[in-house]
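Just below is one structure, and these are the notes that go with it.
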Amino acid sequence: MLKDAFCHSSNFFDLSSDKKSKYIYPTLENKGGFGYVPAEHEHFNHDKPVDIKEAFDISPGVDQSRWPSEEDVPGFHRSMKSLIDQMTTLAHRLYYLVGIGLDLPDPNHLSRASFKGDGMLFRILNYPKVDHLSMLKPGQVRCTGHTDYGFLTILYQDDCGGLEVMNREGEYVEAIPLKGTALVNVGDFLSMCTGEKLKSTMHQVLISEENFGRRRQSIVMFCDPDGDFALEPLCGNLEGLQPLTFNQWRNKRYAQTYR
């Protein structure tokens, strides 16, 4: 199933720019929705050049009329829908394990906070190949360092390396691709709800000379609470944090990323 999804992801990103542009969000201000995000559009660090990546987002909470057509990418809808269902099931299993690990009275609390599913976001990513350093602007990387917004992130990556995650000592370490495995990151909202007992994972994607001439692909599920879920102390306290819903937090982060 995963191999099939990567194949269909590749087929979509191999389309011409004109064909991909048919599936761009109706307006680029419609963040976190459903459709194509062109290359060099997202910007996590405004002191550095824009990221070298393109994406296609699939969110259950918005209009889903922009699936790539069967004519453009045969089997895309079926393949992605199957993987979304599987990753959603995995997300709720992880929520349960987190609940046990935090010794919550109800281990299913995070699942209940995501019951409607309107915070979930499935994303396929393509990092176009870079043949040599002269193609890059000074300081430009495939994806600048950032944390994710919500509860958890499940990520599958191909065998082209470059992903790095920050450890507790504040040092980036390589997240070496291991076939058939998923990488799970903690997001900001879960970090805040736990008083940073679970700390959100800073991560970035670099490109080394050994990966020149190779594209990189990843498939991600942002496992986030429902939009109206309000920040609450699961353990520790919320001292110094303003009360807000996940939608309010996510919109704040979108404004920083897409300005």
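All residue names refer to the structure tokens as shown: chains lettered A, B, ... in order, residues numbered from 1 in each chain, ligands numbered from 1 in order.
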Quick one: contact table of region 40-113 of chain A to region 179-203 of chain A, 12 Å max, nearest atom pair and distance in Å to one decimal per residue, counting only C-alpha atoms, chain and number order, as JSON lines?
```
{"residue": "A:Phe44", "atom": "CA", "partner": "A:His203", "partner_atom": "CA", "distance": 11.2}
{"residue": "A:Met87", "atom": "CA", "partner": "A:Ala182", "partner_atom": "CA", "distance": 10.2}
{"residue": "A:Leu90", "atom": "CA", "partner": "A:Ala182", "partner_atom": "CA", "distance": 10.4}
{"residue": "A:Ala91", "atom": "CA", "partner": "A:Val184", "partner_atom": "CA", "distance": 9.8}
{"residue": "A:Leu94", "atom": "CA", "partner": "A:Val184", "partner_atom": "CA", "distance": 9.3}
{"residue": "A:Tyr95", "atom": "CA", "partner": "A:Leu190", "partner_atom": "CA", "distance": 10.6}
{"residue": "A:Val98", "atom": "CA", "partner": "A:Leu198", "partner_atom": "CA", "distance": 9.6}
{"residue": "A:Gly99", "atom": "CA", "partner": "A:Thr194", "partner_atom": "CA", "distance": 11.0}
{"residue": "A:Gly101", "atom": "CA", "partner": "A:Leu198", "partner_atom": "CA", "distance": 10.3}
{"residue": "A:Leu102", "atom": "CA", "partner": "A:Thr194", "partner_atom": "CA", "distance": 8.5}
{"residue": "A:Asp103", "atom": "CA", "partner": "A:Thr194", "partner_atom": "CA", "distance": 11.6}
{"residue": "A:Leu104", "atom": "CA", "partner": "A:Thr194", "partner_atom": "CA", "distance": 11.0}
{"residue": "A:Leu110", "atom": "CA", "partner": "A:Leu190", "partner_atom": "CA", "distance": 9.3}
{"residue": "A:Ala113", "atom": "CA", "partner": "A:Leu190", "partner_atom": "CA", "distance": 11.3}
```
What would the file look like if the residues just selected were written as a PDB file, in the first residue's frame with N, CA and C atoms?
```pdb
ATOM      1  N   PHE A  44       9.209  28.794   6.470  1.00  0.00           N
ATOM      2  CA  PHE A  44       9.214  28.651   7.925  1.00  0.00           C
ATOM      3  C   PHE A  44      10.172  29.616   8.610  1.00  0.00           C
ATOM      4  N   MET A  87      -3.543   5.228   8.024  1.00  0.00           N
ATOM      5  CA  MET A  87      -2.778   6.124   8.891  1.00  0.00           C
ATOM      6  C   MET A  87      -3.662   6.741   9.974  1.00  0.00           C
ATOM      7  N   LEU A  90      -3.817   4.192  12.659  1.00  0.00           N
ATOM      8  CA  LEU A  90      -2.550   4.230  13.388  1.00  0.00           C
ATOM      9  C   LEU A  90      -2.497   5.427  14.331  1.00  0.00           C
ATOM     10  N   ALA A  91      -2.993   6.574  13.876  1.00  0.00           N
ATOM     11  CA  ALA A  91      -2.988   7.783  14.710  1.00  0.00           C
ATOM     12  C   ALA A  91      -3.739   7.549  16.013  1.00  0.00           C
ATOM     13  N   LEU A  94      -1.801   5.435  18.384  1.00  0.00           N
ATOM     14  CA  LEU A  94      -0.750   6.230  19.025  1.00  0.00           C
ATOM     15  C   LEU A  94      -1.328   7.136  20.104  1.00  0.00           C
ATOM     16  N   TYR A  95      -2.480   7.734  19.821  1.00  0.00           N
ATOM     17  CA  TYR A  95      -3.143   8.562  20.837  1.00  0.00           C
ATOM     18  C   TYR A  95      -3.373   7.753  22.123  1.00  0.00           C
ATOM     19  N   VAL A  98      -0.131   7.244  23.979  1.00  0.00           N
ATOM     20  CA  VAL A  98       0.261   8.484  24.650  1.00  0.00           C
ATOM     21  C   VAL A  98      -0.566   8.668  25.919  1.00  0.00           C
ATOM     22  N   GLY A  99      -1.867   8.385  25.824  1.00  0.00           N
ATOM     23  CA  GLY A  99      -2.736   8.497  26.992  1.00  0.00           C
ATOM     24  C   GLY A  99      -2.282   7.602  28.130  1.00  0.00           C
ATOM     25  N   GLY A 101       0.843   6.470  28.488  1.00  0.00           N
ATOM     26  CA  GLY A 101       2.135   6.981  28.931  1.00  0.00           C
ATOM     27  C   GLY A 101       2.019   8.186  29.844  1.00  0.00           C
ATOM     28  N   LEU A 102       0.999   9.012  29.609  1.00  0.00           N
ATOM     29  CA  LEU A 102       0.776  10.196  30.445  1.00  0.00           C
ATOM     30  C   LEU A 102      -0.076   9.887  31.668  1.00  0.00           C
ATOM     31  N   ASP A 103      -0.513   8.622  31.766  1.00  0.00           N
ATOM     32  CA  ASP A 103      -1.360   8.185  32.881  1.00  0.00           C
ATOM     33  C   ASP A 103      -2.646   9.010  32.966  1.00  0.00           C
ATOM     34  N   LEU A 104      -3.255   9.253  31.800  1.00  0.00           N
ATOM     35  CA  LEU A 104      -4.509  10.001  31.776  1.00  0.00           C
ATOM     36  C   LEU A 104      -5.641   9.130  32.317  1.00  0.00           C
ATOM     37  N   LEU A 110      -7.193  11.780  23.804  1.00  0.00           N
ATOM     38  CA  LEU A 110      -6.728  12.452  22.589  1.00  0.00           C
ATOM     39  C   LEU A 110      -7.565  12.040  21.382  1.00  0.00           C
ATOM     40  N   ALA A 113     -10.616  14.039  21.445  1.00  0.00           N
ATOM     41  CA  ALA A 113     -10.329  15.419  21.038  1.00  0.00           C
ATOM     42  C   ALA A 113     -10.217  15.545  19.523  1.00  0.00           C
TER      43      ALA A 113
END
```
Set the distance at 12 Å and use only C-alpha atoms: which residues neighbour Asp158 (chain A) once local chain neighbours fewer than 6 positions away are removed? I'd like the list as number ranges by chain.
A: 2-3, 5-7, 9-10, 124-127, 175-183, 214-220
Within 10 Å of Arg142 (chain A) using only C-alpha atoms, minus same-chain residues under 5 positions, as an MDAnalysis selection string:
chainID A and resid 40 49:54 126:130 136 162:163 204:207 216
May I have the residues from that selection written out with C-alpha atoms, as a PDB file, in the first residue's frame?
```pdb
ATOM      1  CA  GLU A  40       8.894  27.739  -3.062  1.00  0.00           C
ATOM      2  CA  PRO A  49      15.337  31.621   1.312  1.00  0.00           C
ATOM      3  CA  VAL A  50      12.046  29.799   0.730  1.00  0.00           C
ATOM      4  CA  ASP A  51      11.942  26.008   0.956  1.00  0.00           C
ATOM      5  CA  ILE A  52      12.495  23.837  -2.111  1.00  0.00           C
ATOM      6  CA  LYS A  53       9.440  21.610  -1.969  1.00  0.00           C
ATOM      7  CA  GLU A  54       5.935  21.175  -3.365  1.00  0.00           C
ATOM      8  CA  ASN A 126       8.075  16.261  -3.343  1.00  0.00           C
ATOM      9  CA  TYR A 127      11.508  17.825  -3.022  1.00  0.00           C
ATOM     10  CA  PRO A 128      12.692  18.357  -6.621  1.00  0.00           C
ATOM     11  CA  LYS A 129      16.153  17.164  -7.516  1.00  0.00           C
ATOM     12  CA  VAL A 130      19.055  19.578  -7.194  1.00  0.00           C
ATOM     13  CA  LEU A 136      20.641  26.907  -4.596  1.00  0.00           C
ATOM     14  CA  GLY A 162      18.307  14.594   4.447  1.00  0.00           C
ATOM     15  CA  LEU A 163      15.773  14.665   7.282  1.00  0.00           C
ATOM     16  CA  GLN A 204      14.639  20.158   8.927  1.00  0.00           C
ATOM     17  CA  VAL A 205      15.474  18.654   5.533  1.00  0.00           C
ATOM     18  CA  LEU A 206      18.921  19.352   4.093  1.00  0.00           C
ATOM     19  CA  ILE A 207      20.536  18.284   0.848  1.00  0.00           C
ATOM     20  CA  ARG A 216      13.072  13.249  -2.254  1.00  0.00           C
TER      21      ARG A 216
END
```
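For the set A:His146, A:Arg112, A:His132, A:Arg250, the residue with the smallest atom-to-atom gap to Phe212 (chain A) is A:His132, counting only C-alpha atoms.
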Using only C-alpha atoms, determine which residues lie at most 8 Å from Gly75 (chain A), disregarding the query and same-chain residues fewer than 4 positions distant; provide the list as an MDAnalysis selection string.
chainID A and resid 8 70 79
Could the residues in this selection be written to a file with C-alpha atoms, as a short mmCIF file (atom, residue, chain, number, x, y, z; two decimals), in the first residue's frame?
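What ended up in again.cif:
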```cif
data_model
loop_
_atom_site.label_atom_id
_atom_site.label_comp_id
_atom_site.auth_asym_id
_atom_site.auth_seq_id
_atom_site.Cartn_x
_atom_site.Cartn_y
_atom_site.Cartn_z
CA HIS A 8 1.00 7.72 -7.34
CA GLU A 70 -8.39 9.78 -13.29
CA SER A 79 -4.45 4.82 -3.42
#
```
Find the residues around Ser69 (chain A) up to 12 Å (only C-alpha atoms counted), leave out those fewer than 3 positions away in its own chain, and share them as a PDB file with C-alpha atoms, in the first residue's frame.
```pdb
ATOM      1  CA  PHE A  12       1.218  13.535  -9.653  1.00  0.00           C
ATOM      2  CA  LEU A  15       2.679  16.283 -14.219  1.00  0.00           C
ATOM      3  CA  LYS A  19      -1.785  20.410 -15.079  1.00  0.00           C
ATOM      4  CA  LYS A  20      -0.741  20.715 -11.449  1.00  0.00           C
ATOM      5  CA  LYS A  22      -5.522  23.065 -11.933  1.00  0.00           C
ATOM      6  CA  TYR A  23      -5.435  21.724  -8.388  1.00  0.00           C
ATOM      7  CA  SER A  65     -13.618  18.504  -5.271  1.00  0.00           C
ATOM      8  CA  ARG A  66      -9.976  18.944  -6.248  1.00  0.00           C
ATOM      9  CA  ASP A  72      -4.315  12.988 -15.063  1.00  0.00           C
ATOM     10  CA  VAL A  73      -3.282  10.467 -12.385  1.00  0.00           C
ATOM     11  CA  PRO A  74      -5.094   7.114 -12.689  1.00  0.00           C
ATOM     12  CA  GLY A  75      -5.681   5.460  -9.321  1.00  0.00           C
ATOM     13  CA  PHE A  76      -4.532   8.448  -7.241  1.00  0.00           C
ATOM     14  CA  HIS A  77      -7.795   8.861  -5.305  1.00  0.00           C
ATOM     15  CA  ARG A  78      -8.093   5.161  -4.468  1.00  0.00           C
TER      16      ARG A  78
END
```
For the helix (DSSP H, G or I) assignment from backbone DSSP, which residues of region 23-237 of chain A qualify? Please present them as a PyMOL selection string.
chain A and resi 76-101+109-113+133-135+188-193+209-211
Option closest in space to Tyr254 (chain A), from A:Phe34, A:Leu121, A:Cys235, A:Tyr149 [counting only C-alpha atoms]:
A:Tyr149
Could you give me, as a PyMOL selection string, each residue of region 48-102 of chain A that DSSP assigns to strand (DSSP E or B) when run on this structure's backbone?
chain A and resi 54-58
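Among the candidate residues A:Ala230, A:Ala55, A:Cys160, A:Leu83, the one lying nearest to Met1 (chain A) is A:Leu83, with distances computed using only C-alpha atoms.
Reported to one decimal place, the separation of CA of Met120 (chain A) from CA of Asp85 (chain A) is 11.6 Å.
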Neighbour list for Ile58 (chain A) as a VMD selection string, cut-off 8 Å, only C-alpha atoms, skip fewer than 4 positions in-chain:
chain A and resid 33 to 35 64 121 to 123
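Our summary of the geometry notes that CA of Ser111 (chain A) is positioned 28.6 Å from CA of Val37 (chain A).
Of note, CA of Glu210 (chain A) and CA of Asp131 (chain A) are spaced 10.3 Å apart.
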Nearby residues (only C-alpha atoms) at most 12 Å from Lys116 (chain A), same-chain spacing under 6 positions excluded, as number ranges by chain
A: 59-61, 110, 224-229
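Proximity of A:Gly119, A:Gly161, A:Gly150, A:Pro105 to Arg253 (chain A), computed with only C-alpha atoms, is greatest for A:Gly150.
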